[in-house]
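As provided, start-v3.txt (compact mmCIF, C-alpha atoms) reads as follows.
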# COMPACT_ATOMS: atom_id res chain seq x y z
CA MET A 1 0.00 0.00 0.00
CA LYS A 2 2.80 2.37 0.89
CA PHE A 3 4.57 1.45 -2.34
CA GLU A 4 1.44 2.21 -4.42
CA LEU A 5 1.01 5.55 -2.64
CA LEU A 6 4.64 6.38 -3.36
CA ILE A 7 4.12 5.57 -7.06
CA ILE A 8 1.03 7.77 -7.17
CA LEU A 9 2.88 10.67 -5.54
CA LEU A 10 5.79 10.18 -7.92
CA LEU A 11 3.44 10.22 -10.93
CA LEU A 12 1.73 13.35 -9.63
CA GLY A 13 5.11 15.00 -9.22
CA ILE A 14 6.12 14.07 -12.74
CA ALA A 15 2.79 15.37 -14.08
CA ALA A 16 3.25 18.66 -12.23
CA LEU A 17 6.79 18.96 -13.60
CA LEU A 18 5.57 18.29 -17.14
CA ILE A 19 2.84 20.93 -16.80
CA MET A 20 5.39 23.45 -15.57
CA LEU A 21 7.76 22.61 -18.44
CA LEU A 22 4.93 22.92 -20.98
CA ARG A 23 3.97 26.32 -19.60
CA LYS A 24 7.58 27.48 -19.80
CA ALA A 25 7.88 26.14 -23.34
CA ARG A 26 4.70 27.97 -24.33
CA GLY A 27 6.01 31.15 -22.74
CA ILE A 28 9.28 30.83 -24.67
CA HIS A 29 7.32 30.16 -27.87
CA LEU A 30 5.18 33.27 -27.40
CA ALA A 31 8.22 35.36 -26.44
CA THR A 32 9.93 34.24 -29.67
CA TYR A 33 6.96 35.51 -31.71
CA ARG A 34 7.03 38.79 -29.79
CA LEU A 35 10.74 39.17 -30.52
CA LEU A 36 10.11 38.50 -34.21
CA ASP A 37 7.28 41.06 -34.27
CA ASP A 38 9.48 43.59 -32.47
CA ALA A 39 12.33 42.94 -34.92
CA GLN A 40 10.02 43.43 -37.90
CA ALA A 41 8.59 46.63 -36.39
CA THR A 42 12.12 47.92 -35.73
CA ARG A 43 13.09 47.14 -39.30
CA ARG A 44 10.06 49.00 -40.68
CA GLU A 45 10.81 52.00 -38.46
CA SER A 46 14.46 51.99 -39.53
CA GLU A 47 13.51 51.86 -43.22
CA ALA A 48 11.00 54.70 -42.73
CA LEU A 49 13.59 56.80 -40.91
CA PHE A 50 16.18 56.17 -43.63
CA SER A 51 13.63 57.18 -46.27
CA GLN A 52 12.91 60.43 -44.43
CA LEU A 53 16.62 61.17 -44.05
CA GLN A 54 17.10 60.64 -47.78
CA ALA A 55 14.20 63.00 -48.52
CA LEU A 56 15.58 65.61 -46.10
CA TRP A 57 19.02 65.45 -47.69
CA ALA A 58 17.51 65.82 -51.20
CA LEU A 59 15.27 68.67 -50.02
CA GLU A 60 18.09 70.65 -48.42
CA ARG A 61 20.23 70.24 -51.53
CA LYS A 62 17.35 71.41 -53.70
CA LEU A 63 16.61 74.49 -51.56
CA GLY A 64 20.23 75.48 -50.92
CA LEU A 65 19.40 77.50 -47.82
CA ASP A 66 22.14 79.08 -45.72
CA GLU A 67 20.56 77.73 -42.53
CA PRO A 68 19.15 74.24 -41.90
CA LEU A 69 15.41 73.62 -42.03
CA PRO A 70 13.50 73.60 -38.74
CA SER A 71 12.39 70.34 -37.14
CA LEU A 72 10.29 68.31 -39.58
CA ARG A 73 8.67 65.81 -37.23
CA GLY A 74 5.47 65.86 -35.20
CA TRP A 75 3.03 68.48 -36.51
CA ALA A 76 5.46 69.73 -39.16
CA GLY A 77 5.32 68.40 -42.72
CA SER A 78 7.44 65.30 -43.26
CA PRO A 79 10.56 65.65 -45.46
CA ASP A 80 9.09 63.42 -48.18
CA PHE A 81 5.91 65.53 -48.33
CA LEU A 82 7.92 68.76 -48.52
CA LEU A 83 10.16 67.30 -51.22
CA GLU A 84 7.12 66.48 -53.36
CA VAL A 85 5.76 70.00 -52.78
CA ALA A 86 9.09 71.48 -53.91
CA ARG A 87 9.11 69.30 -57.02
CA GLU A 88 5.55 70.35 -57.86
CA VAL A 89 6.39 74.05 -57.55
CA GLU A 90 9.44 73.63 -59.78
CA ALA A 91 7.47 71.71 -62.42
CA LEU A 92 4.32 73.85 -62.37
CA ARG A 93 6.00 77.26 -61.91
CA PRO A 94 2.79 78.69 -60.39
CA GLY A 95 2.14 82.40 -60.16
CA VAL A 96 -0.18 81.95 -57.17
CA VAL A 97 0.04 79.25 -54.52
CA VAL A 98 -2.45 79.00 -51.66
CA GLU A 99 -1.64 76.88 -48.66
CA CYS A 100 -4.03 75.67 -45.97
CA SER A 101 -1.85 76.00 -42.83
CA SER A 102 1.63 77.45 -42.54
CA GLY A 103 5.07 76.47 -41.34
CA SER A 104 7.97 74.60 -42.93
CA SER A 105 5.95 74.08 -46.11
CA THR A 106 5.57 77.86 -46.46
CA LEU A 107 9.33 78.22 -46.25
CA VAL A 108 9.86 75.49 -48.86
CA ILE A 109 7.35 76.96 -51.31
CA ALA A 110 8.67 80.50 -50.87
CA ARG A 111 12.25 79.37 -51.45
CA CYS A 112 11.28 77.50 -54.63
CA LEU A 113 9.44 80.56 -55.94
CA GLN A 114 12.45 82.73 -55.11
CA ARG A 115 14.71 80.43 -57.10
CA LEU A 116 12.25 80.50 -60.01
CA GLY A 117 12.15 84.30 -59.78
CA ALA A 118 8.35 84.61 -59.81
CA GLY A 119 5.21 83.71 -57.90
CA HIS A 120 3.80 84.16 -54.39
CA VAL A 121 2.38 81.85 -51.72
CA TYR A 122 -0.53 82.84 -49.47
CA SER A 123 -0.87 80.73 -46.33
CA LEU A 124 -4.12 80.53 -44.38
CA GLU A 125 -3.31 80.09 -40.67
CA HIS A 126 -5.89 79.91 -37.88
CA ASP A 127 -3.40 80.07 -35.00
CA PRO A 128 -2.00 83.63 -34.52
CA GLU A 129 0.99 82.38 -32.55
CA TYR A 130 1.91 79.87 -35.21
CA ALA A 131 1.40 82.48 -37.93
CA ALA A 132 3.86 84.77 -36.15
CA LYS A 133 6.42 81.95 -35.94
CA THR A 134 6.09 81.26 -39.66
CA ARG A 135 6.57 84.94 -40.49
CA ALA A 136 9.68 85.00 -38.31
CA LEU A 137 10.96 81.87 -40.05
CA LEU A 138 10.47 83.45 -43.46
CA ALA A 139 12.19 86.65 -42.37
CA ARG A 140 15.15 84.72 -40.96
CA HIS A 141 15.68 83.08 -44.35
CA GLY A 142 15.11 86.30 -46.33
CA LEU A 143 11.91 85.02 -47.94
CA ALA A 144 9.28 87.41 -46.58
CA GLN A 145 8.61 89.00 -49.98
CA TRP A 146 7.69 85.62 -51.50
CA ALA A 147 5.08 84.60 -48.94
CA THR A 148 2.17 86.11 -47.04
CA VAL A 149 0.89 84.39 -43.92
CA LEU A 150 -2.74 85.40 -43.39
CA ASP A 151 -4.51 85.24 -40.04
CA ALA A 152 -7.57 83.19 -40.97
CA PRO A 153 -9.59 82.08 -37.93
CA LEU A 154 -11.79 79.01 -38.27
CA ARG A 155 -15.40 80.08 -38.85
CA SER A 156 -18.61 78.37 -39.88
CA GLN A 157 -20.21 79.51 -43.10
CA GLY A 158 -23.93 79.03 -43.57
CA GLY A 159 -24.16 76.68 -40.62
CA GLY A 160 -21.48 74.36 -42.02
CA GLN A 161 -18.39 73.09 -40.30
CA PRO A 162 -15.66 75.55 -39.34
CA TRP A 163 -12.93 76.28 -41.86
CA TYR A 164 -10.48 79.08 -42.57
CA ASP A 165 -11.94 82.54 -43.11
CA ASP A 166 -10.82 82.71 -46.73
CA SER A 167 -12.17 86.26 -47.07
CA VAL A 168 -8.71 87.36 -45.92
CA LEU A 169 -7.33 86.39 -49.33
CA PRO A 170 -6.88 89.44 -51.58
CA ALA A 171 -10.04 90.17 -53.54
CA ASP A 172 -8.01 90.74 -56.73
CA LEU A 173 -5.92 87.58 -56.32
CA ALA A 174 -5.07 85.90 -59.62
CA PRO A 175 -6.38 82.35 -60.11
CA ILE A 176 -4.76 79.76 -57.85
CA GLU A 177 -2.55 77.38 -59.80
CA LEU A 178 -1.37 75.27 -56.86
CA LEU A 179 -3.35 74.51 -53.70
CA VAL A 180 -1.54 72.74 -50.84
CA ILE A 181 -3.79 71.30 -48.12
CA ASP A 182 -2.17 70.41 -44.79
CA GLY A 183 -4.71 71.89 -42.37
CA PRO A 184 -6.76 72.60 -40.37
CA PRO A 185 -5.79 69.99 -37.75
CA ALA A 186 -8.05 66.92 -37.69
CA ALA A 187 -9.17 67.73 -34.14
CA THR A 188 -10.98 70.91 -35.21
CA ALA A 189 -13.86 69.15 -37.03
CA PRO A 190 -14.94 65.66 -38.14
CA ARG A 191 -13.96 66.43 -41.77
CA ALA A 192 -11.66 69.34 -41.06
CA ARG A 193 -10.07 69.69 -44.52
CA GLU A 194 -12.92 68.77 -46.83
CA PRO A 195 -14.22 72.37 -47.30
CA ALA A 196 -10.95 73.40 -48.99
CA LEU A 197 -11.92 72.51 -52.54
CA PRO A 198 -15.57 73.69 -52.53
CA ARG A 199 -14.70 76.90 -50.68
CA LEU A 200 -11.85 77.82 -53.04
CA ALA A 201 -13.34 76.37 -56.24
CA ALA A 202 -14.21 79.78 -57.70
CA ARG A 203 -10.63 80.98 -57.16
CA LEU A 204 -8.90 78.00 -58.82
CA ALA A 205 -7.31 78.34 -62.25
CA ALA A 206 -8.75 76.29 -65.10
CA ARG A 207 -5.51 74.32 -65.05
CA CYS A 208 -4.42 73.70 -61.49
CA VAL A 209 -2.99 71.13 -59.10
CA VAL A 210 -4.09 70.27 -55.56
CA LEU A 211 -1.82 68.45 -53.08
CA ALA A 212 -3.49 66.94 -50.00
CA ASP A 213 -1.27 65.65 -47.19
CA ASP A 214 -2.20 62.88 -44.71
CA ALA A 215 -4.12 61.25 -47.54
CA ASP A 216 -3.85 57.73 -46.09
CA ARG A 217 -6.19 58.54 -43.20
CA PRO A 218 -9.76 57.26 -43.64
CA VAL A 219 -11.25 60.76 -43.42
CA GLU A 220 -8.93 62.09 -46.13
CA LEU A 221 -9.56 59.07 -48.36
CA GLU A 222 -13.28 59.76 -48.12
CA MET A 223 -12.65 63.49 -48.65
CA VAL A 224 -10.90 62.88 -51.98
CA ARG A 225 -13.63 60.43 -53.04
CA ARG A 226 -16.30 63.06 -52.35
CA TRP A 227 -14.36 65.72 -54.25
CA ILE A 228 -14.13 63.48 -57.31
CA ALA A 229 -17.80 62.59 -57.10
CA ALA A 230 -18.67 66.30 -57.09
CA GLU A 231 -16.22 67.22 -59.88
CA PRO A 232 -15.26 64.28 -62.14
CA ARG A 233 -12.80 66.39 -64.13
CA TRP A 234 -10.22 65.98 -61.38
CA ARG A 235 -7.57 63.34 -62.12
CA VAL A 236 -6.15 61.75 -58.99
CA SER A 237 -2.77 60.14 -58.40
CA ARG A 238 -0.82 59.13 -55.32
CA LEU A 239 2.65 60.46 -54.55
CA PRO A 240 5.12 58.70 -52.23
CA ALA A 241 4.90 60.02 -48.67
CA GLU A 242 4.78 58.34 -45.26
CA LYS A 243 1.43 59.90 -44.36
CA GLY A 244 -0.04 59.59 -47.83
CA LEU A 245 -0.15 62.35 -50.45
CA ALA A 246 -2.95 62.78 -52.98
CA ARG A 247 -2.40 64.82 -56.13
CA LEU A 248 -5.40 66.16 -58.03
CA GLN A 249 -5.01 67.81 -61.41
CA ARG A 250 -7.50 69.55 -63.63
CA GLY A 251 -6.99 70.91 -67.11
Would you mind writing the file out in structure tokens?
Amino acid sequence: MKFELLIILLLLGIAALLIMLLRKARGIHLATYRLLDDAQATRRESEALFSQLQALWALERKLGLDEPLPSLRGWAGSPDFLLEVAREVEALRPGVVVECSSGSSTLVIARCLQRLGAGHVYSLEHDPEYAAKTRALLARHGLAQWATVLDAPLRSQGGGQPWYDDSVLPADLAPIELLVIDGPPAATAPRAREPALPRLAARLAARCVVLADDADRPVELEMVRRWIAAEPRWRVSRLPAEKGLARLQRG
């Protein structure tokens, strides 16, 4: 009887040991998958960072500024977005550029226009403090005569969602040949940037280009779809940028 009890206890001990080993093996198995996932995520982040560094290097060479560009992370436009904007300005050679928001992109557009020797960018900015910083940035780089940062508070029109007060644009402004949309911030309204095209439609040139940043977000994808549904003459293409960049052309 004692021998049988000893066998039972031994078997229970072995079973407990096996359960513990199985749990540890499972934990190691799961940890291995987590390490693989972390390694893949790190690789993707490294590739994205390298891509942005390449774009920044190309952008700074293209602009040839005496001072380096300000920080281009966080709220600022990404280097790849700004590089595409610079390329568009150089190819289009627009006389009038309107920008929804202001900041590093204003500097980039103004510098490209300066190098072309013609054109002007008007930036709609709802934040007075940020507008002042952009004006100071332009002045520091000697580009104030190529850009005008307009204080354009967000206001509802006809009961619609708030958008820039575009009445601050000069009444005699020539048709807009390039429209760059990188604001207002998404937090200001459910479809914060969608009013841009309908509100400025009457001011757009017959042949014009629209660049919309953050175009991979669901709201912006739907925004572009609605624009095309309302005006089928727009031709849409996608440009390479980490946050997504939609290019619309008409004429």
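If all atoms listed in the file are the atoms counted, then among A:Glu194, A:Glu242, A:Glu231, A:Glu67 the closest residue to Asp216 (chain A) is A:Glu242.
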Considering only C-alpha atoms, return as an mmCIF file with C-alpha atoms, in the coordinates of the input whatever protein or nucleic-acid residues lie within 12 Å of Phe81 (chain A), sequence-local ones (same chain, fewer than 5 positions apart) excluded.
data_model
loop_
_atom_site.group_PDB
_atom_site.id
_atom_site.type_symbol
_atom_site.label_atom_id
_atom_site.label_comp_id
_atom_site.auth_asym_id
_atom_site.auth_seq_id
_atom_site.Cartn_x
_atom_site.Cartn_y
_atom_site.Cartn_z
ATOM 1 C CA SER A 51 13.630 57.180 -46.270
ATOM 2 C CA GLN A 52 12.910 60.430 -44.430
ATOM 3 C CA ALA A 55 14.200 63.000 -48.520
ATOM 4 C CA LEU A 56 15.580 65.610 -46.100
ATOM 5 C CA ALA A 58 17.510 65.820 -51.200
ATOM 6 C CA LEU A 59 15.270 68.670 -50.020
ATOM 7 C CA LEU A 72 10.290 68.310 -39.580
ATOM 8 C CA ARG A 73 8.670 65.810 -37.230
ATOM 9 C CA ALA A 76 5.460 69.730 -39.160
ATOM 10 C CA ALA A 86 9.090 71.480 -53.910
ATOM 11 C CA ARG A 87 9.110 69.300 -57.020
ATOM 12 C CA GLU A 88 5.550 70.350 -57.860
ATOM 13 C CA SER A 104 7.970 74.600 -42.930
ATOM 14 C CA SER A 105 5.950 74.080 -46.110
ATOM 15 C CA VAL A 108 9.860 75.490 -48.860
ATOM 16 C CA ILE A 109 7.350 76.960 -51.310
ATOM 17 C CA VAL A 180 -1.540 72.740 -50.840
ATOM 18 C CA ILE A 181 -3.790 71.300 -48.120
ATOM 19 C CA ASP A 182 -2.170 70.410 -44.790
ATOM 20 C CA LEU A 211 -1.820 68.450 -53.080
ATOM 21 C CA ALA A 212 -3.490 66.940 -50.000
ATOM 22 C CA ASP A 213 -1.270 65.650 -47.190
ATOM 23 C CA ASP A 214 -2.200 62.880 -44.710
ATOM 24 C CA ALA A 215 -4.120 61.250 -47.540
ATOM 25 C CA ARG A 238 -0.820 59.130 -55.320
ATOM 26 C CA LEU A 239 2.650 60.460 -54.550
ATOM 27 C CA PRO A 240 5.120 58.700 -52.230
ATOM 28 C CA ALA A 241 4.900 60.020 -48.670
ATOM 29 C CA GLU A 242 4.780 58.340 -45.260
ATOM 30 C CA LYS A 243 1.430 59.900 -44.360
ATOM 31 C CA GLY A 244 -0.040 59.590 -47.830
ATOM 32 C CA LEU A 245 -0.150 62.350 -50.450
ATOM 33 C CA ALA A 246 -2.950 62.780 -52.980
ATOM 34 C CA ARG A 247 -2.400 64.820 -56.130
#
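The residue that comes closest to Pro162 (chain A), out of A:Pro190, A:Gly142, A:Pro68, A:Pro198 and on the basis of only C-alpha atoms, is A:Pro190.
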Please indicate the distance in Å from CA of Glu99 (chain A) to CA of Val209 (chain A), rounded to one decimal place. 12.0 Å
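Omitting Ala201 (chain A) and its sequence neighbours fewer than 5 positions away, and counting all atoms listed in the file, the residues within 10 Å are Pro175, Ile176, Pro195, Ala196 and Ala206 of chain A.
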Measuring between only C-alpha atoms, which one of A:Leu169, A:Leu221, A:Val96, A:Val210 shows the shortest distance to Arg191 (chain A)? A:Leu221
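Between CA of Asp66 (chain A) and CA of Leu143 (chain A) lies a distance of 12.0 Å.
Distances to Gly103 (chain A) were evaluated for A:Asp165, A:Glu177, A:Glu125, A:Glu222 using all atoms listed in the file, and the minimum falls at A:Glu125.
When CA of Gly95 (chain A) is paired with CA of Ala229 (chain A), their separation reads 28.3 Å.
Using only C-alpha atoms for every distance, the candidate list A:Pro184, A:Arg193, A:Gly117, A:Ser102 yields A:Ser102 as the residue closest to Ala136 (chain A).
Neighbours of His126 (chain A) closer than or equal to 8 Å, with all atoms listed in the file counted and sequence neighbours fewer than 3 positions away skipped, come out as A:Ser101, A:Ala131, A:Asp151, A:Ala152, A:Pro153, A:Leu154, A:Tyr164, A:Pro184.
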Using all atoms listed in the file, pick whichever of A:Leu138, A:Cys112, A:Val98, A:Val121 has the shortest atom-to-atom distance to Leu200 (chain A). A:Val98
